[in-house]
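Okay, so here's the structure we're looking at.
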2 protein chains.
Amino acid sequence: MGIKERKERHKEDLRQRILDAAKVLFLKEGYDATSIRKIASAIEFSPTTIYLYYKDKNDIIYALQKEGFKLLRTKFSALSNVENPFERLKAMGRTYLQFSIENREFYELMFVMKEPLEFLENVCGEGEEEQWDEGVEAFSFLVHTIADCQQAGYFGGHDTRMFSLLIWSTVHGLSTLNMHGHITHVVEKHLVELQDGGQILEAAFNNYIKFLEQLKS
Amino acid sequence: MGIKERKERHKEDLRQRILDAAKVLFLKEGYDATSIRKIASAIEFSPTTIYLYYKDKNDIIYALQKEGFKLLRTKFSALSNVENPFERLKAMGRTYLQFSIENREFYELMFVMKEPLEFLENVCGEGEEEQWDEGVEAFSFLVHTIADCQQAGYFGGHDTRMFSLLIWSTVHGLSTLNMHGHITHVVEKHLVELQDGGQILEAAFNNYIKFLEQLKS
DNA sequence: CAAACATAGTTAACAGTGTTAATATTTGCA
DNA sequence: TGCAAATATTAACACTGTTAACTATGTTTG
């Protein structure tokens with residue numbers, strides 16, 4: 001039955017090639033420019049062929065989102081061997097912010113856009129329930145780091161998971177405010193001594209770290 | 001020259017009617033469903049007429065964004081008469097979060113979507129420079145409230161504007177994480193004792209307030 | 001071996017989208 | 001009343017996601 005397997009492999013192969021073509025388009029030109037027809041012409045197939053491998057466009061976008069989460073996880077798991085929990089927390093924050101800048105389209109796909117969630121709820125939700133495991137895992141990593149920080153004397157008396165959520169919110173808020181132009185267009189008007197939004201973002205994060213550092217009993 | 005004035009008024013009138021129709025569509029059905037043709041048929045004009053009053057779709061979306069900022073400002077300015085600065089800060093946070101829930105589409109338009117910024121930079125930016133005045137003003141209001149808090153003994157030793165940015169980030173982060181499903185799909189898995197995302201959001205904000213309250217010298 | 005069948009891919013089409021050029025209509029003023 | 005300017009319209013372009021119908025291809029079975 002080697003033939004069937006080879007066909008299976010060919011099928012998986014084409015599925016991956018579709019995803020790769022979509023990724024190139026998406027990262028370079030964004031969501032709107034990633035049209036079914038452009039993906040199809042990139043892999044030199046007819047547009048309708050894509051529907052034999054993905055249910056619809058959101059299916060492809062959802063698959064791309066999973067790739068994004070995988071990428072962020074590799075960056076996070078490189079921090080596992082940072083012994084000092086507070087240093088690990090700092091590194092996580094820096095990594096998160098850097099990811100949002102260097103992989104802007106991915107970040108938007110993972111944390112902002114509605115399309116992957118729509119696919120998850122309208123289609124994938126039929127018994128699958130696999131939803132956003134990578135995200136849950138990444139948050140787990142944060143919660144454990146915060147717990148370690150508390151063991152080391154930081155953030156005493158706060159609920160670990162609530163505090164984790166608040167820290168995530170702050171860093172996520174910083175990255176999205178930056179990404180969507182609010183730091184350059186609003187905050188810059190108040191902090192004229194700092195030139196561009198990138199500098200403000202950097203300074204804000206450093207301030208935040210200094211602030212958290214003081215929360216040690 | 002009364003005739004010219006009446007024509008001017010009629011022109012402004014139609015411009016407003018276009019915006020109103022767009023608003024109804026946008027708030028009910030979202031950005032994608034707010035098509036030029038649907039707006040046109042709502043006001044019973046030809047689609048191309050709209051281009052006599054707005055440069056393009058993003059122009060309309062930008063105008064809608066300004067309405068959103070105006071709405072948020074009225075909610076904020078109602079808090080001006082809260083004497084106690086920390087109480088005012090609490091009320092601002094609550095108002096901001098509530099706005100993001102009750103006016104979800106507006107919030108997305110004001111703080112998340114790329115279209116208004118695109119219009120601002122590609123078109124409006126030709127010498128106009130009026131950019132996001134409402135937003136700058138709202139942030140000013142926050143900065144002043146934080147300054148008042150510092151006068152009252154809170155947040156000692158921190159740069160006022162940086163601290164304001166961090167507080168905005170946290171609340172904005174909370175609202176967007178909630179809006180985009182990350183609280184229900186990620187955090188909920190860790191906080192199983194709290195039922196829905198709304199409860200978690202409420203609890204997280206209350207925790208944040210309690211946390212800030214402790215930062216008094 | 002030949003007929004039936006499943007698979008993979010195609011073309012054509014539908015119902016939309018934003019936007020522009022060319023055309024028509026209405027209006028105000030000399 | 002005639003002309004010019006303002007205003008609105010029709011037709012068209014170049015796209016979009018998606019589906020139905022059709023055609024090859026290769027496999028399985030009678």
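Numbering starts fresh at 1 for the residues of each chain in the structure tokens, the chains themselves are lettered A, B, ... in the order given, and ligands are numbered from 1 as they appear.
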Please return, as a PyMOL selection string, all residues of chain A lying within 9 Å of chain C when only C-alpha atoms (C1' of nucleotides) are considered.
chain A and resi 45-46+48-49+52
Contacts of chain B with chain A up to 6 Å, shortest pair per row, only C-alpha atoms, as CSV:
residue,atom,partner,partner_atom,distance
B:Val136,CA,A:Val186,CA,4.9
B:Ser169,CA,A:Gly173,CA,4.2
B:Thr170,CA,A:Thr170,CA,3.9
B:His172,CA,A:Gly173,CA,5.4
B:Gly173,CA,A:Gly173,CA,3.8
B:Leu174,CA,A:Ser169,CA,5.2
B:Val186,CA,A:Val136,CA,4.9
With distances taken over only C-alpha atoms (C1' of nucleotides), which of A:Lys23, A:Lys216, A:Lys57, A:Arg104 is nearest to chain D?
A:Lys57
Starting from chain D, keep only residues with some atom at most 10 Å from an atom of chain A, counting only C-alpha atoms (C1' of nucleotides), and report them as a compact mmCIF listing (two decimals) with all heavy atoms, in the first residue's frame.
# COMPACT_ATOMS: atom_id res chain seq x y z
P DT D 16 -7.84 39.58 -6.23
OP1 DT D 16 -6.62 39.54 -5.40
OP2 DT D 16 -8.01 38.65 -7.36
O5' DT D 16 -9.10 39.42 -5.27
C5' DT D 16 -9.21 40.24 -4.09
C4' DT D 16 -10.53 39.96 -3.41
O4' DT D 16 -11.61 40.42 -4.25
C3' DT D 16 -10.83 38.49 -3.21
O3' DT D 16 -10.19 38.04 -2.05
C2' DT D 16 -12.35 38.50 -3.06
C1' DT D 16 -12.77 39.63 -4.02
N1 DT D 16 -13.30 39.18 -5.34
C2 DT D 16 -14.60 38.79 -5.45
O2 DT D 16 -15.37 38.76 -4.50
N3 DT D 16 -14.99 38.42 -6.72
C4 DT D 16 -14.20 38.42 -7.86
O4 DT D 16 -14.66 38.08 -8.94
C5 DT D 16 -12.84 38.84 -7.66
C7 DT D 16 -11.89 38.87 -8.83
C6 DT D 16 -12.45 39.20 -6.43
P DG D 17 -9.97 36.47 -1.81
OP1 DG D 17 -9.05 36.33 -0.67
OP2 DG D 17 -9.61 35.87 -3.11
O5' DG D 17 -11.41 35.95 -1.40
C5' DG D 17 -12.00 36.41 -0.20
C4' DG D 17 -13.36 35.74 0.00
O4' DG D 17 -14.17 35.99 -1.17
C3' DG D 17 -13.30 34.23 0.16
O3' DG D 17 -14.27 33.82 1.11
C2' DG D 17 -13.61 33.71 -1.24
C1' DG D 17 -14.57 34.76 -1.76
N9 DG D 17 -14.50 34.92 -3.22
C8 DG D 17 -13.37 35.15 -3.98
N7 DG D 17 -13.61 35.24 -5.27
C5 DG D 17 -14.97 35.07 -5.36
C6 DG D 17 -15.81 35.07 -6.51
O6 DG D 17 -15.51 35.22 -7.70
N1 DG D 17 -17.16 34.86 -6.18
C2 DG D 17 -17.61 34.67 -4.89
N2 DG D 17 -18.93 34.48 -4.76
N3 DG D 17 -16.84 34.68 -3.81
C4 DG D 17 -15.53 34.88 -4.12
P DT D 18 -14.32 32.29 1.57
OP1 DT D 18 -14.99 32.21 2.87
OP2 DT D 18 -12.97 31.74 1.38
O5' DT D 18 -15.30 31.67 0.49
C5' DT D 18 -16.60 32.22 0.34
C4' DT D 18 -17.34 31.54 -0.78
O4' DT D 18 -16.81 31.98 -2.05
C3' DT D 18 -17.22 30.00 -0.81
O3' DT D 18 -18.47 29.45 -0.44
C2' DT D 18 -16.82 29.66 -2.24
C1' DT D 18 -17.07 30.96 -2.98
N1 DT D 18 -16.20 31.21 -4.17
C2 DT D 18 -16.79 31.36 -5.41
O2 DT D 18 -18.00 31.31 -5.57
N3 DT D 18 -15.91 31.58 -6.44
C4 DT D 18 -14.54 31.66 -6.36
O4 DT D 18 -13.86 31.87 -7.36
C5 DT D 18 -13.98 31.48 -5.04
C7 DT D 18 -12.50 31.54 -4.85
C6 DT D 18 -14.83 31.27 -4.02
P DT D 19 -18.67 27.89 -0.26
OP1 DT D 19 -19.59 27.72 0.87
OP2 DT D 19 -17.37 27.22 -0.28
O5' DT D 19 -19.44 27.50 -1.60
C5' DT D 19 -20.56 28.29 -2.02
C4' DT D 19 -21.04 27.83 -3.38
O4' DT D 19 -20.15 28.32 -4.41
C3' DT D 19 -21.10 26.31 -3.55
O3' DT D 19 -22.41 25.96 -3.98
C2' DT D 19 -20.02 25.99 -4.59
C1' DT D 19 -19.93 27.30 -5.36
N1 DT D 19 -18.60 27.58 -5.96
C2 DT D 19 -18.53 27.95 -7.28
O2 DT D 19 -19.51 28.05 -8.00
N3 DT D 19 -17.26 28.19 -7.74
C4 DT D 19 -16.09 28.11 -7.03
O4 DT D 19 -15.01 28.35 -7.55
C5 DT D 19 -16.24 27.71 -5.65
C7 DT D 19 -15.03 27.58 -4.79
C6 DT D 19 -17.47 27.47 -5.19
What residues in chain A get the DSSP label helix (DSSP H, G or I)? Please answer as a ChimeraX atom specification.
/A:2-29,36-42,47-52,57-77,85-102,104-112,115-124,133-151,160-179,182-185,187-189,197-213
